[in-house]
file query06.cif (mmCIF, C-alpha atoms; chains and numbers go by the auth columns)
data_input
loop_
_atom_site.group_PDB
_atom_site.id
_atom_site.type_symbol
_atom_site.label_atom_id
_atom_site.label_comp_id
_atom_site.label_asym_id
_atom_site.label_seq_id
_atom_site.Cartn_x
_atom_site.Cartn_y
_atom_site.Cartn_z
_atom_site.B_iso_or_equiv
_atom_site.auth_seq_id
_atom_site.auth_asym_id
ATOM 1 C CA MET A 1 14.364 -9.833 -9.865 0.00 825 B
ATOM 2 C CA ALA A 2 13.093 -9.008 -6.357 0.00 826 B
ATOM 3 C CA GLY A 3 10.627 -6.291 -7.308 0.00 827 B
ATOM 4 C CA LYS A 4 9.622 -3.181 -5.440 0.00 828 B
ATOM 5 C CA ALA A 5 6.755 -0.946 -4.459 0.00 829 B
ATOM 6 C CA VAL A 6 6.298 2.433 -6.084 0.00 830 B
ATOM 7 C CA ILE A 7 4.275 4.611 -3.749 0.00 831 B
ATOM 8 C CA ILE A 8 2.553 7.310 -5.779 0.00 832 B
ATOM 9 C CA MET A 9 0.981 10.126 -3.797 0.00 833 B
ATOM 10 C CA GLY A 10 -1.639 12.492 -5.136 0.00 834 B
ATOM 11 C CA SER A 11 0.117 15.375 -3.388 0.00 835 B
ATOM 12 C CA GLU A 12 2.968 16.075 -1.006 0.00 836 B
ATOM 13 C CA ARG A 13 0.405 16.221 1.832 0.00 837 B
ATOM 14 C CA ASP A 14 0.233 12.427 1.570 0.00 838 B
ATOM 15 C CA LEU A 15 3.919 11.989 2.483 0.00 839 B
ATOM 16 C CA GLU A 16 3.473 11.368 6.217 0.00 840 B
ATOM 17 C CA PHE A 17 0.836 8.696 5.544 0.00 841 B
ATOM 18 C CA SER A 18 3.049 7.179 2.829 0.00 842 B
ATOM 19 C CA ARG A 19 5.948 6.989 5.264 0.00 843 B
ATOM 20 C CA GLU A 20 3.767 4.787 7.475 0.00 844 B
ATOM 21 C CA ILE A 21 3.348 2.374 4.564 0.00 845 B
ATOM 22 C CA ALA A 22 7.084 2.526 3.890 0.00 846 B
ATOM 23 C CA LYS A 23 7.829 1.691 7.530 0.00 847 B
ATOM 24 C CA TYR A 24 5.988 -1.631 7.139 0.00 848 B
ATOM 25 C CA LEU A 25 7.447 -2.306 3.697 0.00 849 B
ATOM 26 C CA LYS A 26 10.908 -1.902 5.191 0.00 850 B
ATOM 27 C CA LEU A 27 10.025 -4.275 8.061 0.00 851 B
ATOM 28 C CA LEU A 28 8.962 -6.861 5.487 0.00 852 B
ATOM 29 C CA GLY A 29 12.064 -6.350 3.343 0.00 853 B
ATOM 30 C CA VAL A 30 10.353 -4.697 0.383 0.00 854 B
ATOM 31 C CA ILE A 31 12.234 -2.018 -1.558 0.00 855 B
ATOM 32 C CA TYR A 32 10.179 1.093 -2.292 0.00 856 B
ATOM 33 C CA GLU A 33 10.292 4.485 -3.975 0.00 857 B
ATOM 34 C CA PHE A 34 8.131 7.588 -3.598 0.00 858 B
ATOM 35 C CA ARG A 35 6.601 9.663 -6.382 0.00 859 B
ATOM 36 C CA VAL A 36 4.034 12.490 -6.505 0.00 860 B
ATOM 37 C CA ALA A 37 1.577 12.945 -9.366 0.00 861 B
ATOM 38 C CA SER A 38 -2.127 13.648 -9.647 0.00 862 B
ATOM 39 C CA ALA A 39 -4.612 11.996 -11.967 0.00 863 B
ATOM 40 C CA HIS A 40 -6.636 15.219 -11.925 0.00 864 B
ATOM 41 C CA LYS A 41 -3.895 17.833 -12.152 0.00 865 B
ATOM 42 C CA THR A 42 -0.908 16.080 -13.782 0.00 866 B
ATOM 43 C CA PRO A 43 -2.163 12.980 -15.645 0.00 867 B
ATOM 44 C CA ILE A 44 0.743 13.131 -18.119 0.00 868 B
ATOM 45 C CA ALA A 45 3.175 12.933 -15.174 0.00 869 B
ATOM 46 C CA VAL A 46 1.341 9.834 -13.898 0.00 870 B
ATOM 47 C CA LEU A 47 1.719 8.178 -17.309 0.00 871 B
ATOM 48 C CA GLU A 48 5.412 9.099 -17.364 0.00 872 B
ATOM 49 C CA ILE A 49 5.906 7.372 -14.004 0.00 873 B
ATOM 50 C CA LEU A 50 4.227 4.248 -15.368 0.00 874 B
ATOM 51 C CA LYS A 51 6.495 4.385 -18.405 0.00 875 B
ATOM 52 C CA GLU A 52 9.549 4.782 -16.150 0.00 876 B
ATOM 53 C CA PHE A 53 8.773 1.448 -14.451 0.00 877 B
ATOM 54 C CA GLU A 54 7.330 -0.343 -17.479 0.00 878 B
ATOM 55 C CA ASN A 55 10.144 -2.919 -17.670 0.00 879 B
ATOM 56 C CA GLU A 56 10.526 -3.437 -13.926 0.00 880 B
ATOM 57 C CA LYS A 57 8.783 -5.730 -11.497 0.00 881 B
ATOM 58 C CA VAL A 58 6.749 -3.240 -9.469 0.00 882 B
ATOM 59 C CA ILE A 59 3.549 -2.946 -7.541 0.00 883 B
ATOM 60 C CA TYR A 60 1.986 0.486 -7.420 0.00 884 B
ATOM 61 C CA VAL A 61 0.723 1.732 -4.080 0.00 885 B
ATOM 62 C CA THR A 62 -1.526 4.726 -4.581 0.00 886 B
ATOM 63 C CA VAL A 63 -2.157 7.231 -1.811 0.00 887 B
ATOM 64 C CA ALA A 64 -4.763 9.841 -2.635 0.00 888 B
ATOM 65 C CA GLY A 65 -7.636 11.130 -0.586 0.00 889 B
ATOM 66 C CA ARG A 66 -10.818 12.981 -1.441 0.00 890 B
ATOM 67 C CA SER A 67 -11.667 11.983 -4.989 0.00 891 B
ATOM 68 C CA ASN A 68 -9.221 9.152 -5.566 0.00 892 B
ATOM 69 C CA ALA A 69 -9.009 8.989 -9.338 0.00 893 B
ATOM 70 C CA LEU A 70 -5.296 8.200 -9.056 0.00 894 B
ATOM 71 C CA SER A 71 -5.754 4.520 -8.216 0.00 895 B
ATOM 72 C CA ALA A 72 -8.201 3.750 -11.016 0.00 896 B
ATOM 73 C CA PHE A 73 -6.257 5.879 -13.508 0.00 897 B
ATOM 74 C CA ILE A 74 -3.053 3.992 -12.774 0.00 898 B
ATOM 75 C CA ASP A 75 -4.811 0.625 -12.757 0.00 899 B
ATOM 76 C CA VAL A 76 -6.385 1.122 -16.177 0.00 900 B
ATOM 77 C CA ASN A 77 -3.033 2.199 -17.632 0.00 901 B
ATOM 78 C CA THR A 78 -0.911 -0.712 -16.398 0.00 902 B
ATOM 79 C CA ALA A 79 -1.062 -4.492 -16.148 0.00 903 B
ATOM 80 C CA LYS A 80 0.881 -4.347 -12.871 0.00 904 B
ATOM 81 C CA PRO A 81 -0.860 -4.715 -9.500 0.00 905 B
ATOM 82 C CA VAL A 82 -2.228 -1.588 -7.826 0.00 906 B
ATOM 83 C CA VAL A 83 -2.905 -1.332 -4.103 0.00 907 B
ATOM 84 C CA ALA A 84 -5.048 1.707 -3.350 0.00 908 B
ATOM 85 C CA ILE A 85 -4.776 3.079 0.160 0.00 909 B
ATOM 86 C CA PRO A 86 -6.695 6.323 0.540 0.00 910 B
ATOM 87 C CA PRO A 87 -5.899 8.200 3.756 0.00 911 B
ATOM 88 C CA TYR A 88 -8.879 8.251 6.082 0.00 912 B
ATOM 89 C CA SER A 89 -10.498 11.650 6.476 0.00 913 B
ATOM 90 C CA GLU A 90 -12.604 12.604 9.496 0.00 914 B
ATOM 91 C CA LYS A 91 -13.711 15.659 7.551 0.00 915 B
ATOM 92 C CA PHE A 92 -16.003 13.592 5.365 0.00 916 B
ATOM 93 C CA GLY A 93 -16.739 10.883 7.921 0.00 917 B
ATOM 94 C CA GLY A 94 -14.898 8.342 5.818 0.00 918 B
ATOM 95 C CA THR A 95 -17.257 8.654 2.853 0.00 919 B
ATOM 96 C CA ASP A 96 -14.415 9.692 0.539 0.00 920 B
ATOM 97 C CA ILE A 97 -13.323 6.013 0.505 0.00 921 B
ATOM 98 C CA TYR A 98 -16.143 5.354 -1.962 0.00 922 B
ATOM 99 C CA SER A 99 -14.106 6.956 -4.748 0.00 923 B
ATOM 100 C CA SER A 100 -11.601 4.112 -4.248 0.00 924 B
ATOM 101 C CA LEU A 101 -14.238 1.395 -3.994 0.00 925 B
ATOM 102 C CA ARG A 102 -16.749 2.433 -6.665 0.00 926 B
ATOM 103 C CA VAL A 103 -14.702 2.489 -9.845 0.00 927 B
ATOM 104 C CA PRO A 104 -15.567 1.891 -13.500 0.00 928 B
ATOM 105 C CA SER A 105 -15.583 -1.584 -15.001 0.00 929 B
ATOM 106 C CA GLY A 106 -12.214 -2.937 -16.021 0.00 930 B
ATOM 107 C CA ILE A 107 -10.479 -1.636 -12.884 0.00 931 B
ATOM 108 C CA GLY A 108 -8.915 -4.226 -10.571 0.00 932 B
ATOM 109 C CA SER A 109 -7.087 -2.339 -7.854 0.00 933 B
ATOM 110 C CA VAL A 110 -7.029 -3.735 -4.326 0.00 934 B
ATOM 111 C CA VAL A 111 -8.252 -1.297 -1.650 0.00 935 B
ATOM 112 C CA THR A 112 -7.190 -1.194 1.979 0.00 936 B
ATOM 113 C CA ILE A 113 -7.187 1.624 4.505 0.00 937 B
ATOM 114 C CA GLU A 114 -4.365 0.520 6.807 0.00 938 B
ATOM 115 C CA PRO A 115 -0.685 1.155 5.989 0.00 939 B
ATOM 116 C CA GLU A 116 0.275 -2.202 7.486 0.00 940 B
ATOM 117 C CA GLY A 117 -2.309 -4.005 5.343 0.00 941 B
ATOM 118 C CA ALA A 118 -1.078 -2.300 2.182 0.00 942 B
ATOM 119 C CA ALA A 119 2.509 -3.334 2.921 0.00 943 B
ATOM 120 C CA ILE A 120 1.489 -6.923 3.625 0.00 944 B
ATOM 121 C CA ALA A 121 -0.500 -7.088 0.367 0.00 945 B
ATOM 122 C CA VAL A 122 2.512 -5.807 -1.593 0.00 946 B
ATOM 123 C CA ALA A 123 4.882 -8.227 0.138 0.00 947 B
ATOM 124 C CA LYS A 124 2.563 -11.191 -0.480 0.00 948 B
ATOM 125 C CA ILE A 125 2.269 -10.405 -4.182 0.00 949 B
ATOM 126 C CA LEU A 126 6.028 -10.059 -4.538 0.00 950 B
ATOM 127 C CA ALA A 127 6.511 -13.218 -2.443 0.00 951 B
ATOM 128 C CA LEU A 128 4.797 -15.330 -5.105 0.00 952 B
ATOM 129 C CA ASP A 129 8.233 -15.876 -6.639 0.00 953 B
ATOM 130 C CA ASN A 130 10.544 -14.672 -3.872 0.00 954 B
ATOM 131 C CA ALA A 131 11.334 -17.139 -1.063 0.00 955 B
ATOM 132 C CA GLU A 132 12.991 -14.495 1.105 0.00 956 B
ATOM 133 C CA LEU A 133 9.922 -12.254 1.056 0.00 957 B
ATOM 134 C CA LEU A 134 7.673 -15.245 1.676 0.00 958 B
ATOM 135 C CA TYR A 135 9.748 -16.031 4.762 0.00 959 B
ATOM 136 C CA ASN A 136 9.507 -12.385 5.884 0.00 960 B
ATOM 137 C CA VAL A 137 5.709 -12.354 5.490 0.00 961 B
ATOM 138 C CA ARG A 138 5.295 -15.616 7.391 0.00 962 B
ATOM 139 C CA THR A 139 7.658 -14.460 10.137 0.00 963 B
ATOM 140 C CA TYR A 140 5.825 -11.151 10.464 0.00 964 B
ATOM 141 C CA GLN A 141 2.421 -12.809 10.630 0.00 965 B
ATOM 142 C CA ASP A 142 3.669 -15.437 13.095 0.00 966 B
ATOM 143 C CA GLY A 143 4.950 -12.596 15.288 0.00 967 B
ATOM 144 C CA LYS A 144 1.480 -11.045 15.289 0.00 968 B
ATOM 145 C CA LYS A 145 -0.047 -14.392 16.302 0.00 969 B
ATOM 146 C CA GLN A 146 2.484 -14.772 19.110 0.00 970 B
ATOM 147 C CA GLU A 147 1.606 -11.284 20.377 0.00 971 B
ATOM 148 C CA LEU A 148 -2.025 -12.373 20.674 0.00 972 B
ATOM 149 C CA GLU A 149 -1.095 -15.626 22.373 0.00 973 B
ATOM 150 C CA ARG A 150 0.999 -13.719 24.940 0.00 974 B
ATOM 151 C CA ALA A 151 -1.852 -11.258 25.478 0.00 975 B
ATOM 152 C CA ASN A 152 -4.274 -14.147 25.978 0.00 976 B
ATOM 153 C CA GLU A 153 -2.022 -15.766 28.589 0.00 977 B
ATOM 154 C CA SER A 154 -1.648 -12.436 30.379 0.00 978 B
ATOM 155 C CA ILE A 155 -5.393 -11.725 30.352 0.00 979 B
ATOM 156 C CA LYS A 156 -6.269 -15.225 31.578 0.00 980 B
ATOM 157 C CA LYS A 157 -4.377 -14.450 34.792 0.00 981 B
ATOM 158 C CA LEU A 158 -6.564 -11.433 35.575 0.00 982 B
ATOM 159 C CA LYS A 159 -9.284 -11.823 38.151 0.00 983 B
#
call {"tool": "encode", "arguments": {"input": "query06.cif", "output": "structure tokens"}}
result
Amino acid sequence: MAGKAVIIMGSERDLEFSREIAKYLKLLGVIYEFRVASAHKTPIAVLEILKEFENEKVIYVTVAGRSNALSAFIDVNTAKPVVAIPPYSEKFGGTDIYSSLRVPSGIGSVVTIEPEGAAIAVAKILALDNAELLYNVRTYQDGKKQELERANESIKKLK
């Protein structure tokens, strides 16, 4: 079973940011689905989503800004990996990330703030038993290294 990412947004306003994550998941060859549910406003709906994927190989990617209870709520209610990726907010000078970082004991979600990083984390977890995804991750990361090597060669020629 290949596995997939289930991107759960706290609201529809998170869709554009979630599409950025999906763009990288697609590049890496990871299947994904979108859902919307709020730990604050629709906690029963969140639990229903978890139940829907209970017997599948999934990694939850949670996208919720402000007070990100969604990530911790999902994490405490599943044994599956959770990658929390709160959208950055200039409005609060980035301080709203603390609700993703400072969580109660017993919570083990991974936190990143870059869509690319979230997709790579998901792909690496799924690649633990998927040779094709492992190849995709290595190829992607090698491509990034080659970009830097080309940039270095180009910059060295500047006077």
call {"tool": "resolve_selection", "arguments": {"input": "query06.cif", "expression": "the PyMOL selection byres ((chain B and resi 846) around 9)", "output": "PDB file with C-alpha atoms, keeping the file's coordinate frame"}}
result
ATOM      1  CA  ILE B 831       4.275   4.611  -3.749  1.00  0.00           C
ATOM      2  CA  PHE B 841       0.836   8.696   5.544  1.00  0.00           C
ATOM      3  CA  SER B 842       3.049   7.179   2.829  1.00  0.00           C
ATOM      4  CA  ARG B 843       5.948   6.989   5.264  1.00  0.00           C
ATOM      5  CA  GLU B 844       3.767   4.787   7.475  1.00  0.00           C
ATOM      6  CA  ILE B 845       3.348   2.374   4.564  1.00  0.00           C
ATOM      7  CA  LYS B 847       7.829   1.691   7.530  1.00  0.00           C
ATOM      8  CA  TYR B 848       5.988  -1.631   7.139  1.00  0.00           C
ATOM      9  CA  LEU B 849       7.447  -2.306   3.697  1.00  0.00           C
ATOM     10  CA  LYS B 850      10.908  -1.902   5.191  1.00  0.00           C
ATOM     11  CA  LEU B 851      10.025  -4.275   8.061  1.00  0.00           C
ATOM     12  CA  VAL B 854      10.353  -4.697   0.383  1.00  0.00           C
ATOM     13  CA  ILE B 855      12.234  -2.018  -1.558  1.00  0.00           C
ATOM     14  CA  TYR B 856      10.179   1.093  -2.292  1.00  0.00           C
ATOM     15  CA  GLU B 857      10.292   4.485  -3.975  1.00  0.00           C
ATOM     16  CA  PRO B 939      -0.685   1.155   5.989  1.00  0.00           C
ATOM     17  CA  ALA B 943       2.509  -3.334   2.921  1.00  0.00           C
TER      18      ALA B 943
END
call {"tool": "closest_residue", "arguments": {"input": "query06.cif", "among": "B:Leu852, B:Ala888, B:Ile921, B:Ala908", "to": "Ser835 of chain B", "atoms": "only C-alpha atoms"}}
result
B:Ala888
call {"tool": "residues_around", "arguments": {"input": "query06.cif", "residues": "Thr902 of chain B", "least_positions_apart": "2", "cutoff": "10 Å", "atoms": "only C-alpha atoms", "output": "count of residues only"}}
result
12
call {"tool": "resolve_selection", "arguments": {"input": "query06.cif", "expression": "the PyMOL selection byres ((chain B and resi 881) around 7)", "output": "ChimeraX atom specification"}}
result
/B:827-828,879-880,882
call {"tool": "closest_residue", "arguments": {"input": "query06.cif", "among": "B:Val887, B:Ala942, B:Leu950, B:Ala903", "to": "Ser924 of chain B", "atoms": "only C-alpha atoms"}}
result
B:Val887
call {"tool": "atom_distance", "arguments": {"input": "query06.cif", "atom1": "atom CA of Ala863 of chain B", "atom2": "atom CA of Ala893 of chain B"}}
result
5.9 Å
call {"tool": "closest_residue", "arguments": {"input": "query06.cif", "among": "B:Thr886, B:Val961, B:Ala896, B:Glu940", "to": "Pro928 of chain B", "atoms": "all atoms listed in the file"}}
result
B:Ala896
call {"tool": "axis_aligned_box", "arguments": {"input": "query06.cif", "around": "segment 923-926 of chain B", "padding_each_side": "5 Å", "output": "AutoDock Vina command-line options"}}
result
--center_x -14.2 --center_y 4.2 --center_z -5.3 --size_x 15.1 --size_y 15.6 --size_z 12.7
call {"tool": "atom_distance", "arguments": {"input": "query06.cif", "atom1": "atom CA of Ile832 of chain B", "atom2": "atom CA of Gly853 of chain B"}}
result
19.0 Å
call {"tool": "closest_residue", "arguments": {"input": "query06.cif", "among": "B:Glu872, B:Asn976, B:Val830, B:Ala945", "to": "Leu957 of chain B", "atoms": "all atoms listed in the file"}}
result
B:Ala945
call {"tool": "closest_residue", "arguments": {"input": "query06.cif", "among": "B:Pro911, B:Ser891, B:Asp953, B:Ser929", "to": "Glu840 of chain B", "atoms": "all atoms listed in the file"}}
result
B:Pro911
call {"tool": "closest_residue", "arguments": {"input": "query06.cif", "among": "B:Val860, B:Val907, B:Ala826, B:Leu972", "to": "Leu839 of chain B", "atoms": "all atoms listed in the file"}}
result
B:Val860
call {"tool": "residues_near_point", "arguments": {"input": "query06.cif", "point": "(-12.0, 0.0, -5.9)", "cutoff": "6 Å", "atoms": "all atoms listed in the file", "output": "PyMOL selection string"}}
result
chain B and resi 924-927+933+935
call {"tool": "write_last_selection", "arguments": {"input": "query06.cif", "atoms": "C-alpha atoms", "output": "CSV table (one decimal), keeping the file's coordinate frame"}}
result
chain,number,residue,atom,x,y,z
B,924,SER,CA,-11.6,4.1,-4.2
B,925,LEU,CA,-14.2,1.4,-4.0
B,926,ARG,CA,-16.7,2.4,-6.7
B,927,VAL,CA,-14.7,2.5,-9.8
B,933,SER,CA,-7.1,-2.3,-7.9
B,935,VAL,CA,-8.3,-1.3,-1.6
call {"tool": "atom_distance", "arguments": {"input": "query06.cif", "atom1": "atom CA of Gly930 of chain B", "atom2": "atom CA of Pro910 of chain B"}}
result
19.8 Å
